[in-house]
Amino acid sequence: MKTAVSVVFAFLSVIVFSTVAFAKGPSGKVLFQKNCASCHANGGNMDNPEYTLHKKDLLKHGVRTVNGIVGKMRHPGPGMPSFSKQMIPDAQAKEIARYILKTFNK
Ligand code: HEC
């Protein structure tokens, strides 16, 4: 009986957890596909191949952290449109940045 109860509990917490995660809004991946992938498909860079989102390029250009990537979105270099807080609020910008660091980590 105890086991049954804990199994039910485990299930419930998974459901609660995923609902909470969902309520936060679109994931970094979805936001990336929507806003960035047109130029940065698969972490590349269609306009300037020296500036991909892969770790080695980011490091070369001093972009090392979530805040570094968010900073880039707010104040980009030539050829990249800027993304204001109105377009992409900080929380979502950070989701995108975390997705980039996690996904293109080579
Ligand atoms: C219209 C094309 C375009 C779009 C859309 C775009 N970028 Fe860029 N991105 C560029 C170009 C061109 C550069 C190189 C110039 C520069 O450093 O800003 C760049 C550079 C970067 C860099 C620095 C890469 C490096 O190696 O130093 C990051 C980080 C970045 N973009 C993130 C993003 C994110 C996040 C989004 C979506 C919110 C995005 N970009 C959308 C064109 C784009």
# chains A, B, ... in the order shown; residues from 1 in each chain; ligands from 1
call {"tool": "residues_near_ligand", "arguments": {"ligand": "ligand 1", "cutoff": "6 Å", "atoms": "only C-alpha atoms and all ligand atoms", "output": "CSV table (one decimal) with N, CA and C atoms, in the first residue's frame"}}
result
chain,number,residue,atom,x,y,z
A,32,PHE,N,14.1,30.4,-29.8
A,32,PHE,CA,15.2,30.5,-30.7
A,32,PHE,C,14.8,30.2,-32.2
A,35,ASN,N,12.9,33.4,-33.4
A,35,ASN,CA,13.6,34.7,-33.5
A,35,ASN,C,14.9,34.7,-34.1
A,36,CYS,N,15.6,33.6,-34.0
A,36,CYS,CA,17.1,33.6,-34.3
A,36,CYS,C,17.4,32.6,-35.5
A,38,SER,N,16.4,32.0,-38.3
A,38,SER,CA,16.5,32.4,-39.7
A,38,SER,C,17.9,32.7,-40.1
A,39,CYS,N,18.7,33.3,-39.2
A,39,CYS,CA,20.1,33.6,-39.5
A,39,CYS,C,21.0,32.6,-38.8
A,47,ASP,N,25.0,35.1,-42.3
A,47,ASP,CA,25.5,36.4,-42.7
A,47,ASP,C,27.0,36.6,-42.5
A,48,ASN,N,27.5,36.0,-41.4
A,48,ASN,CA,28.9,36.2,-41.1
A,48,ASN,C,29.4,34.9,-40.4
A,51,TYR,N,31.0,34.4,-37.0
A,51,TYR,CA,30.2,34.7,-35.8
A,51,TYR,C,29.1,33.7,-35.6
A,52,THR,N,29.5,32.4,-35.5
A,52,THR,CA,28.4,31.4,-35.2
A,52,THR,C,28.1,31.4,-33.7
A,53,LEU,N,27.2,30.6,-33.3
A,53,LEU,CA,26.8,30.5,-31.9
A,53,LEU,C,27.5,29.3,-31.2
A,57,ASP,N,33.5,30.1,-31.2
A,57,ASP,CA,33.4,31.5,-31.7
A,57,ASP,C,32.9,32.4,-30.6
A,58,LEU,N,32.0,32.0,-29.8
A,58,LEU,CA,31.5,32.8,-28.7
A,58,LEU,C,32.7,33.2,-27.8
A,61,HIS,N,34.9,35.8,-29.1
A,61,HIS,CA,34.4,37.1,-29.1
A,61,HIS,C,33.9,37.6,-27.7
A,69,ILE,N,25.1,36.7,-23.9
A,69,ILE,CA,24.2,36.5,-25.1
A,69,ILE,C,23.0,37.5,-25.0
A,72,LYS,N,24.1,40.7,-26.3
A,72,LYS,CA,24.2,40.7,-27.7
A,72,LYS,C,22.9,41.0,-28.4
A,73,MET,N,21.8,40.4,-27.8
A,73,MET,CA,20.5,40.6,-28.4
A,73,MET,C,20.1,42.0,-28.3
A,76,PRO,N,23.4,44.3,-30.7
A,76,PRO,CA,24.1,43.5,-31.6
A,76,PRO,C,25.1,44.3,-32.5
A,77,GLY,N,26.0,43.5,-33.2
A,77,GLY,CA,26.9,44.1,-34.1
A,77,GLY,C,26.3,44.2,-35.5
A,78,PRO,N,27.1,44.6,-36.5
A,78,PRO,CA,26.6,44.8,-37.8
A,78,PRO,C,25.9,43.6,-38.4
A,79,GLY,N,24.7,43.8,-39.0
A,79,GLY,CA,24.1,42.7,-39.6
A,79,GLY,C,23.0,41.9,-38.8
A,80,MET,N,23.1,42.2,-37.5
A,80,MET,CA,22.1,41.5,-36.6
A,80,MET,C,21.1,42.5,-36.1
A,81,PRO,N,19.8,42.2,-36.2
A,81,PRO,CA,18.8,43.2,-35.7
A,81,PRO,C,18.8,43.2,-34.2
call {"tool": "select_by_dssp", "arguments": {"residues": "region 11-93 of chain A", "states": "alpha helix (DSSP H)", "output": "ChimeraX atom specification"}}
result
/A:11-23,28-35,37-40,55-60,66-74,90-93
call {"tool": "residues_around", "arguments": {"residues": "Lys56 (chain A)", "least_positions_apart": "5", "cutoff": "12 Å", "atoms": "only C-alpha atoms", "output": "PyMOL selection string"}}
result
chain A and resi 43-44+50-51+61-64+101+104-106
call {"tool": "write_last_selection", "arguments": {"atoms": "C-alpha atoms", "output": "short mmCIF file (atom, residue, chain, number, x, y, z; two decimals), in the first residue's frame"}}
result
data_model
loop_
_atom_site.label_atom_id
_atom_site.label_comp_id
_atom_site.auth_asym_id
_atom_site.auth_seq_id
_atom_site.Cartn_x
_atom_site.Cartn_y
_atom_site.Cartn_z
CA GLY A 43 23.92 27.52 -34.40
CA GLY A 44 25.58 28.80 -37.57
CA GLU A 50 32.97 33.99 -38.26
CA TYR A 51 30.20 34.70 -35.77
CA HIS A 61 34.36 37.12 -29.12
CA GLY A 62 34.11 37.27 -25.35
CA VAL A 63 30.52 36.03 -25.16
CA ARG A 64 30.72 33.52 -22.33
CA LEU A 101 24.93 27.57 -24.43
CA PHE A 104 25.97 24.53 -29.38
CA ASN A 105 28.55 23.72 -26.74
CA LYS A 106 31.42 22.73 -29.00
#
call {"tool": "closest_residue", "arguments": {"among": "A:Leu59, A:Ala41, A:Ala4, A:Val66", "to": "Gln92 (chain A)", "atoms": "only C-alpha atoms"}}
result
A:Val66
call {"tool": "atom_distance", "arguments": {"atom1": "CA of Pro89 (chain A)", "atom2": "CA of Lys60 (chain A)"}}
result
26.9 Å
call {"tool": "atom_distance", "arguments": {"atom1": "CA of Met46 (chain A)", "atom2": "CA of Asp90 (chain A)"}}
result
25.4 Å
call {"tool": "residues_around", "arguments": {"residues": "Val70 (chain A)", "least_positions_apart": "6", "cutoff": "8 Å", "atoms": "only C-alpha atoms", "output": "list of chain:residue names"}}
result
A:Asp90, A:Ala93, A:Lys94, A:Ala97
call {"tool": "decode", "arguments": {"residues": "region 59-72 of chain A", "atoms": "N, CA and C atoms", "output": "PDB file, in the first residue's frame"}}
result
ATOM      1  N   LEU A  59      33.491  32.188 -27.458  1.00  0.00           N
ATOM      2  CA  LEU A  59      34.627  32.465 -26.569  1.00  0.00           C
ATOM      3  C   LEU A  59      35.580  33.457 -27.214  1.00  0.00           C
ATOM      4  N   LYS A  60      35.802  33.272 -28.523  1.00  0.00           N
ATOM      5  CA  LYS A  60      36.718  34.162 -29.233  1.00  0.00           C
ATOM      6  C   LYS A  60      36.237  35.612 -29.143  1.00  0.00           C
ATOM      7  N   HIS A  61      34.910  35.774 -29.125  1.00  0.00           N
ATOM      8  CA  HIS A  61      34.360  37.123 -29.122  1.00  0.00           C
ATOM      9  C   HIS A  61      33.941  37.583 -27.732  1.00  0.00           C
ATOM     10  N   GLY A  62      34.355  36.839 -26.721  1.00  0.00           N
ATOM     11  CA  GLY A  62      34.106  37.274 -25.350  1.00  0.00           C
ATOM     12  C   GLY A  62      32.662  37.121 -24.889  1.00  0.00           C
ATOM     13  N   VAL A  63      31.899  36.271 -25.584  1.00  0.00           N
ATOM     14  CA  VAL A  63      30.519  36.030 -25.164  1.00  0.00           C
ATOM     15  C   VAL A  63      30.504  34.695 -24.419  1.00  0.00           C
ATOM     16  N   ARG A  64      30.512  34.755 -23.089  1.00  0.00           N
ATOM     17  CA  ARG A  64      30.716  33.518 -22.328  1.00  0.00           C
ATOM     18  C   ARG A  64      29.517  33.084 -21.518  1.00  0.00           C
ATOM     19  N   THR A  65      28.600  33.985 -21.293  1.00  0.00           N
ATOM     20  CA  THR A  65      27.553  33.714 -20.300  1.00  0.00           C
ATOM     21  C   THR A  65      26.165  33.998 -20.868  1.00  0.00           C
ATOM     22  N   VAL A  66      25.161  33.599 -20.086  1.00  0.00           N
ATOM     23  CA  VAL A  66      23.777  33.926 -20.426  1.00  0.00           C
ATOM     24  C   VAL A  66      23.638  35.441 -20.609  1.00  0.00           C
ATOM     25  N   ASN A  67      24.185  36.203 -19.658  1.00  0.00           N
ATOM     26  CA  ASN A  67      24.058  37.658 -19.772  1.00  0.00           C
ATOM     27  C   ASN A  67      24.794  38.207 -20.989  1.00  0.00           C
ATOM     28  N   GLY A  68      25.908  37.549 -21.349  1.00  0.00           N
ATOM     29  CA  GLY A  68      26.636  37.973 -22.534  1.00  0.00           C
ATOM     30  C   GLY A  68      25.781  37.837 -23.787  1.00  0.00           C
ATOM     31  N   ILE A  69      25.054  36.733 -23.873  1.00  0.00           N
ATOM     32  CA  ILE A  69      24.206  36.522 -25.056  1.00  0.00           C
ATOM     33  C   ILE A  69      23.019  37.482 -25.043  1.00  0.00           C
ATOM     34  N   VAL A  70      22.426  37.670 -23.856  1.00  0.00           N
ATOM     35  CA  VAL A  70      21.312  38.620 -23.769  1.00  0.00           C
ATOM     36  C   VAL A  70      21.809  40.011 -24.181  1.00  0.00           C
ATOM     37  N   GLY A  71      23.027  40.374 -23.742  1.00  0.00           N
ATOM     38  CA  GLY A  71      23.609  41.667 -24.114  1.00  0.00           C
ATOM     39  C   GLY A  71      23.733  41.801 -25.624  1.00  0.00           C
ATOM     40  N   LYS A  72      24.125  40.724 -26.262  1.00  0.00           N
ATOM     41  CA  LYS A  72      24.248  40.710 -27.725  1.00  0.00           C
ATOM     42  C   LYS A  72      22.895  40.959 -28.386  1.00  0.00           C
TER      43      LYS A  72
END
